[in-house]
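Novice: My file is model_20.pdb. It has PDB, C-alpha atoms and all ligand atoms:
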ATOM      1  CA  MET A   1     104.094  73.862 119.048
ATOM      2  CA  LYS A   2     101.140  75.583 117.426
ATOM      3  CA  VAL A   3     101.387  75.547 113.630
ATOM      4  CA  ASN A   4      99.211  77.594 111.286
ATOM      5  CA  GLU A   5     100.412  76.290 107.899
ATOM      6  CA  ILE A   6     103.268  74.432 106.182
ATOM      7  CA  PHE A   7     103.944  74.881 102.490
ATOM      8  CA  ALA A   8     106.633  74.715  99.838
ATOM      9  CA  THR A   9     107.102  78.044  98.108
ATOM     10  CA  ILE A  10     109.497  80.459  96.455
ATOM     11  CA  GLU A  11     111.103  82.889  98.895
ATOM     12  CA  GLY A  12     109.555  86.256  98.159
ATOM     13  CA  GLU A  13     111.614  88.603 100.304
ATOM     14  CA  THR A  14     115.159  89.560 101.365
ATOM     15  CA  SER A  15     118.312  88.723  99.423
ATOM     16  CA  LEU A  16     117.148  85.099  99.262
ATOM     17  CA  THR A  17     114.284  86.032  96.928
ATOM     18  CA  GLY A  18     113.578  83.383  94.306
ATOM     19  CA  ILE A  19     114.960  80.380  96.203
ATOM     20  CA  PRO A  20     112.632  77.383  96.781
ATOM     21  CA  MET A  21     112.134  76.495 100.437
ATOM     22  CA  LEU A  22     109.709  75.079 102.946
ATOM     23  CA  PHE A  23     107.769  77.581 105.057
ATOM     24  CA  VAL A  24     106.502  76.699 108.520
ATOM     25  CA  ARG A  25     104.157  79.379 109.826
ATOM     26  CA  PHE A  26     103.537  79.321 113.567
ATOM     27  CA  THR A  27     100.466  80.636 115.315
ATOM     28  CA  GLY A  28     100.599  83.693 117.523
ATOM     29  CA  CYS A  29     102.341  87.048 117.613
ATOM     30  CA  PRO A  30     102.732  89.524 120.479
ATOM     31  CA  LEU A  31     102.453  92.451 118.044
ATOM     32  CA  ARG A  32      99.555  93.888 116.038
ATOM     33  CA  CYS A  33     101.061  95.834 113.132
ATOM     34  CA  THR A  34      98.673  98.099 111.243
ATOM     35  CA  TYR A  35      99.532  96.434 107.917
ATOM     36  CA  CYS A  36      99.747  92.798 109.045
ATOM     37  CA  ASP A  37      98.934  90.422 106.164
ATOM     38  CA  THR A  38      98.937  87.269 108.287
ATOM     39  CA  THR A  39      96.228  88.112 110.811
ATOM     40  CA  TYR A  40      94.875  84.609 110.172
ATOM     41  CA  ALA A  41      97.893  83.316 112.096
ATOM     42  CA  TYR A  42      97.065  85.190 115.307
ATOM     43  CA  GLU A  43      94.905  82.361 116.660
ATOM     44  CA  ASP A  44      94.266  79.611 114.083
ATOM     45  CA  GLY A  45      96.447  76.540 114.121
ATOM     46  CA  ALA A  46      96.971  73.000 115.310
ATOM     47  CA  GLU A  47      99.198  71.699 118.071
ATOM     48  CA  MET A  48     102.040  69.521 116.790
ATOM     49  CA  THR A  49     104.937  67.819 118.496
ATOM     50  CA  ILE A  50     108.476  68.510 117.359
ATOM     51  CA  LYS A  51     108.641  64.911 116.176
ATOM     52  CA  GLU A  52     105.542  65.371 113.981
ATOM     53  CA  LEU A  53     106.931  68.581 112.539
ATOM     54  CA  LEU A  54     110.309  67.016 111.805
ATOM     55  CA  THR A  55     108.637  64.125 109.986
ATOM     56  CA  ILE A  56     106.736  66.535 107.712
ATOM     57  CA  ILE A  57     109.873  68.567 107.077
ATOM     58  CA  GLU A  58     111.930  65.434 106.393
ATOM     59  CA  ASN A  59     109.353  64.028 103.966
ATOM     60  CA  ASN A  60     109.149  67.326 102.106
ATOM     61  CA  GLY A  61     112.772  67.174 101.011
ATOM     62  CA  LEU A  62     113.551  70.894 100.672
ATOM     63  CA  PRO A  63     116.890  71.671 102.377
ATOM     64  CA  ILE A  64     115.974  75.187 103.529
ATOM     65  CA  VAL A  65     113.309  75.687 106.186
ATOM     66  CA  HIS A  66     111.882  79.175 106.756
ATOM     67  CA  LEU A  67     110.303  79.589 110.190
ATOM     68  CA  THR A  68     107.801  82.427 110.263
ATOM     69  CA  GLY A  69     104.527  83.508 111.842
ATOM     70  CA  GLY A  70     102.947  85.210 113.531
ATOM     71  CA  ASP A  71     106.264  85.230 115.276
ATOM     72  CA  PRO A  72     108.028  81.879 115.689
ATOM     73  CA  LEU A  73     109.909  83.219 118.720
ATOM     74  CA  ALA A  74     106.614  83.106 120.625
ATOM     75  CA  GLN A  75     106.903  79.277 120.628
ATOM     76  CA  VAL A  76     108.648  78.078 123.782
ATOM     77  CA  GLU A  77     109.911  74.950 122.047
ATOM     78  CA  LEU A  78     111.526  76.836 119.177
ATOM     79  CA  PRO A  79     115.143  76.423 120.445
ATOM     80  CA  GLU A  80     114.692  72.658 120.528
ATOM     81  CA  LEU A  81     113.144  72.580 117.035
ATOM     82  CA  VAL A  82     115.981  74.665 115.594
ATOM     83  CA  LYS A  83     118.545  72.398 117.279
ATOM     84  CA  ARG A  84     116.937  69.319 115.756
ATOM     85  CA  LEU A  85     116.702  70.916 112.298
ATOM     86  CA  LEU A  86     120.402  71.746 112.372
ATOM     87  CA  GLU A  87     121.207  68.187 113.469
ATOM     88  CA  ASN A  88     119.233  67.051 110.400
ATOM     89  CA  ASN A  89     121.405  69.253 108.148
ATOM     90  CA  ARG A  90     118.697  71.768 107.368
ATOM     91  CA  GLN A  91     119.448  75.439 106.757
ATOM     92  CA  VAL A  92     117.128  77.590 108.815
ATOM     93  CA  ILE A  93     115.721  81.020 108.018
ATOM     94  CA  LEU A  94     114.224  82.607 111.127
ATOM     95  CA  GLU A  95     111.922  85.566 110.542
ATOM     96  CA  THR A  96     110.886  87.647 113.534
ATOM     97  CA  GLY A  97     108.984  90.819 114.286
ATOM     98  CA  GLY A  98     111.867  91.888 116.505
ATOM     99  CA  SER A  99     110.130  92.226 119.863
ATOM    100  CA  MET A 100     111.822  89.195 121.465
ATOM    101  CA  ASP A 101     115.400  88.101 122.159
ATOM    102  CA  ILE A 102     117.157  86.465 119.192
ATOM    103  CA  ALA A 103     120.247  85.435 121.222
ATOM    104  CA  PRO A 104     119.375  81.696 121.455
ATOM    105  CA  PHE A 105     119.209  81.527 117.655
ATOM    106  CA  VAL A 106     122.494  83.168 116.727
ATOM    107  CA  LEU A 107     123.875  79.884 115.391
ATOM    108  CA  ASP A 108     125.699  78.598 112.319
ATOM    109  CA  ASN A 109     123.248  77.727 109.519
ATOM    110  CA  VAL A 110     120.544  79.951 111.006
ATOM    111  CA  ARG A 111     119.914  83.213 109.134
ATOM    112  CA  ILE A 112     117.915  85.771 111.079
ATOM    113  CA  MET A 113     115.580  88.176 109.304
ATOM    114  CA  LEU A 114     114.851  90.877 111.880
ATOM    115  CA  ASP A 115     112.058  93.408 111.475
ATOM    116  CA  VAL A 116     112.627  96.924 112.737
ATOM    117  CA  LYS A 117     109.135  98.250 113.369
ATOM    118  CA  THR A 118     108.511 101.811 112.211
ATOM    119  CA  PRO A 119     106.024 104.317 113.685
ATOM    120  CA  GLY A 120     103.591 103.508 110.858
ATOM    121  CA  SER A 121     103.323  99.935 112.127
ATOM    122  CA  GLY A 122     102.073 101.224 115.476
ATOM    123  CA  MET A 123     104.566  98.854 117.129
ATOM    124  CA  ALA A 124     107.877 100.761 117.050
ATOM    125  CA  HIS A 125     108.000 100.992 120.838
ATOM    126  CA  HIS A 126     108.050  97.160 121.079
ATOM    127  CA  SER A 127     111.374  96.665 119.280
ATOM    128  CA  CYS A 128     113.979  94.780 121.302
ATOM    129  CA  LEU A 129     116.987  96.988 120.593
ATOM    130  CA  SER A 130     119.398  94.621 122.344
ATOM    131  CA  ASN A 131     119.052  92.385 119.265
ATOM    132  CA  ILE A 132     120.915  94.822 117.037
ATOM    133  CA  PRO A 133     124.473  94.058 118.264
ATOM    134  CA  LEU A 134     123.772  90.338 117.785
ATOM    135  CA  MET A 135     123.141  90.654 114.035
ATOM    136  CA  ARG A 136     125.942  89.083 111.973
ATOM    137  CA  GLU A 137     127.685  90.444 108.908
ATOM    138  CA  ARG A 138     126.711  88.775 105.580
ATOM    139  CA  THR A 139     124.346  86.382 107.379
ATOM    140  CA  ASP A 140     121.474  88.231 109.022
ATOM    141  CA  GLU A 141     119.242  90.881 107.495
ATOM    142  CA  PHE A 142     117.194  93.823 108.716
ATOM    143  CA  LYS A 143     113.773  94.618 107.294
ATOM    144  CA  PHE A 144     111.918  97.915 107.572
ATOM    145  CA  THR A 145     108.336  97.902 106.297
ATOM    146  CA  LEU A 146     107.484 101.462 105.330
ATOM    147  CA  CYS A 147     103.999 102.965 105.265
ATOM    148  CA  HIS A 148     104.829 106.511 104.110
ATOM    149  CA  ARG A 149     107.518 109.181 103.822
ATOM    150  CA  GLU A 150     107.565 109.709 107.593
ATOM    151  CA  ASP A 151     108.478 106.041 108.046
ATOM    152  CA  TYR A 152     111.211 106.361 105.429
ATOM    153  CA  ASP A 153     112.758 109.375 107.183
ATOM    154  CA  TRP A 154     112.485 107.597 110.533
ATOM    155  CA  ALA A 155     114.213 104.498 109.092
ATOM    156  CA  VAL A 156     117.042 106.583 107.626
ATOM    157  CA  ASP A 157     117.588 108.181 111.048
ATOM    158  CA  PHE A 158     117.441 104.775 112.763
ATOM    159  CA  ILE A 159     120.068 103.341 110.403
ATOM    160  CA  SER A 160     122.334 106.293 111.102
ATOM    161  CA  GLU A 161     121.782 106.296 114.869
ATOM    162  CA  HIS A 162     122.445 102.555 115.208
ATOM    163  CA  ARG A 163     125.183 102.471 112.527
ATOM    164  CA  LEU A 164     123.446  99.622 110.730
ATOM    165  CA  THR A 165     125.340 100.050 107.461
ATOM    166  CA  GLU A 166     128.620  99.432 109.318
ATOM    167  CA  LYS A 167     127.371  96.033 110.470
ATOM    168  CA  GLY A 168     127.537  94.506 106.979
ATOM    169  CA  CYS A 169     124.007  93.115 107.094
ATOM    170  CA  VAL A 170     121.622  93.550 104.181
ATOM    171  CA  ILE A 171     119.015  96.214 104.993
ATOM    172  CA  ASN A 172     115.664  95.669 103.275
ATOM    173  CA  PHE A 173     113.158  98.470 102.706
ATOM    174  CA  SER A 174     109.684  97.081 101.968
ATOM    175  CA  PRO A 175     106.833  99.310 100.789
ATOM    176  CA  VAL A 176     103.471  98.566 102.384
ATOM    177  CA  THR A 177     101.204  97.208  99.666
ATOM    178  CA  PRO A 178      98.762  98.705  98.935
ATOM    179  CA  GLY A 179      99.825 102.034 100.346
ATOM    180  CA  LEU A 180     103.317 103.076  99.337
ATOM    181  CA  PRO A 181     104.029 102.685  95.589
ATOM    182  CA  PRO A 182     107.343 100.814  95.061
ATOM    183  CA  ALA A 183     108.389 103.366  92.424
ATOM    184  CA  GLU A 184     108.061 106.162  94.966
ATOM    185  CA  LEU A 185     110.221 104.312  97.488
ATOM    186  CA  ALA A 186     112.736 103.491  94.733
ATOM    187  CA  ASP A 187     112.992 107.203  93.882
ATOM    188  CA  TRP A 188     113.711 108.125  97.498
ATOM    189  CA  ILE A 189     116.378 105.413  97.830
ATOM    190  CA  LEU A 190     118.091 106.465  94.602
ATOM    191  CA  LYS A 191     117.931 110.169  95.388
ATOM    192  CA  ASP A 192     119.562 109.583  98.787
ATOM    193  CA  ARG A 193     122.058 107.004  97.431
ATOM    194  CA  LEU A 194     120.915 104.849 100.342
ATOM    195  CA  PRO A 195     122.707 101.457 100.610
ATOM    196  CA  VAL A 196     119.542  99.450 101.160
ATOM    197  CA  ARG A 197     117.694  96.800  99.179
ATOM    198  CA  LEU A 198     114.230  97.556  97.752
ATOM    199  CA  ASN A 199     112.278  94.559  98.975
ATOM    200  CA  CYS A 200     109.137  93.839  96.951
ATOM    201  CA  GLN A 201     107.227  90.637  97.640
ATOM    202  CA  LEU A 202     107.929  88.292  94.720
ATOM    203  CA  HIS A 203     105.311  85.770  95.879
ATOM    204  CA  ARG A 204     102.599  88.425  95.433
ATOM    205  CA  PHE A 205     103.579  88.706  91.757
ATOM    206  CA  ILE A 206     103.713  84.932  91.247
ATOM    207  CA  TRP A 207     100.457  84.183  93.074
ATOM    208  CA  PRO A 208      98.460  87.460  93.162
ATOM    209  CA  ASP A 209      95.202  85.699  94.070
ATOM    210  CA  LYS A 210      96.492  83.552  96.929
ATOM    211  CA  ALA A 211      96.117  85.027 100.408
ATOM    212  CA  ARG A 212      97.602  82.024 102.204
ATOM    213  CA  GLY A 213     100.230  79.384 101.566
ATOM    214  CA  VAL A 214     102.643  81.658  99.670
TER     215      VAL A 214
HETATM  216  S1  LIG B 301     105.094  91.162 113.612
HETATM  217 FE1  LIG B 301     104.441  90.273 111.644
HETATM  218  S2  LIG B 301     102.895  88.730 112.185
HETATM  219 FE2  LIG B 301     103.154  90.053 113.978
HETATM  220  S3  LIG B 301     101.540  91.608 113.752
HETATM  221 FE3  LIG B 301     103.423  92.447 112.838
HETATM  222  S4  LIG B 301     103.281  91.922 110.639
HETATM  223 FE4  LIG B 301     101.785  90.618 111.742
END
Would it be possible to restate this file's structure as structure tokens?

Specialist:
Amino acid sequence: MKVNEIFATIEGETSLTGIPMLFVRFTGCPLRCTYCDTTYAYEDGAEMTIKELLTIIENNGLPIVHLTGGDPLAQVELPELVKRLLENNRQVILETGGSMDIAPFVLDNVRIMLDVKTPGSGMAHHSCLSNIPLMRERTDEFKFTLCHREDYDWAVDFISEHRLTEKGCVINFSPVTPGLPPAELADWILKDRLPVRLNCQLHRFIWPDKARGV
């Protein structure tokens, strides 16, 4: 597997915000979002065996492992790694850009954080819509990263069209930073009484000067 970085941090997004966990960032992503803040993970990284990765994870001691990227689903050996992590009693957070099939990872103790790409990302046409019925109530979460009002309106329509609120998953609305002021997005959400979670990146507040490893 090609790994870009491994680090202990505080979860900065979704309803798990604030919880300590170990992040494993894999190299490579099939998408190229306009606002991507991990472009350094497109190519850079080192090949590691599953055994080497498991040893690092085991020695680290944190019980929750967050697999991210890039997009971890681009790693062909990901199903085997997840299987081994679960055998080792780890909880797994799996974060994906949403362009690939999540079906092999719909497992107990795996929480899926699925991006729904908006027009502002430039990647909306790559979303794998067959993932939506697989998302589980009170376990998996959707994330929309919003660049502007047009993205917000598009996301509201998407939620309605795909009946996302009826699924019982948390729906995160993240403002692109810099770009969309969080207060502006908060006003829209409140005005519309929208049942979504305003998702600001806590790690950017804790470590404002760190571009990597947070
Ligand atoms: S899916 Fe994530 S990692 Fe991939 S280009 Fe988009 S923001 Fe970057």

Novice: Which of these residues is nearest to ligand LIG 301 (chain B), using all atoms listed in the file: A:Ala8, A:Met100, A:Leu53, A:Leu81?

Specialist: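 Smallest separation from ligand LIG 301 (chain B) among the options: A:Met100.
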
Novice: Rank nothing, just name the residue among A:Met1, A:Leu85, A:Leu31, A:Leu73 nearest to Met48 in chain A, using all atoms listed in the file.

Specialist: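 With all atoms listed in the file as the atom set, the closest residue is A:Met1.
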
Novice: In terms of the shortest atom-to-atom distance over all atoms listed in the file, which of A:Ile50, A:Val170, A:Leu129, A:Ala186 is closest to Glu80 in chain A?

Specialist: A:Ile50

Novice: What do you get as a list in words if you pick all residues at most 6 Å from ligand LIG 301 (chain B), counting all atoms listed in the file?

Specialist: Cys29, Leu31, Arg32, Cys33, Cys36, Thr38, Gly69, Gly70, Asp71 and Gly97 of chain A

Novice: Would you put the residues from that selection into a file with C-alpha atoms, as a PDB file, in the frame of the given file?

Specialist:
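In the end it all went to selection_20.pdb:
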ATOM      1  CA  CYS A  29     102.341  87.048 117.613  1.00  0.00           C
ATOM      2  CA  LEU A  31     102.453  92.451 118.044  1.00  0.00           C
ATOM      3  CA  ARG A  32      99.555  93.888 116.038  1.00  0.00           C
ATOM      4  CA  CYS A  33     101.061  95.834 113.132  1.00  0.00           C
ATOM      5  CA  CYS A  36      99.747  92.798 109.045  1.00  0.00           C
ATOM      6  CA  THR A  38      98.937  87.269 108.287  1.00  0.00           C
ATOM      7  CA  GLY A  69     104.527  83.508 111.842  1.00  0.00           C
ATOM      8  CA  GLY A  70     102.947  85.210 113.531  1.00  0.00           C
ATOM      9  CA  ASP A  71     106.264  85.230 115.276  1.00  0.00           C
ATOM     10  CA  GLY A  97     108.984  90.819 114.286  1.00  0.00           C
TER      11      GLY A  97
END

Novice: Could you tell me which residues the PyMOL selection byres (((chain A and resi 107) around 12) and not hetatm) returns for this structure, as a list in words?

Specialist: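 For this structure, the PyMOL selection byres (((chain A and resi 107) around 12) and not hetatm) resolves to Pro79, Val82, Lys83, Leu85, Leu86, Gln91, Val92, Ile93, Leu94, Ile102, Ala103, Pro104, Phe105, Val106, Asp108, Asn109, Val110, Arg111, Ile112, Leu134, Met135, Arg136, Thr139 and Asp140 of chain A.
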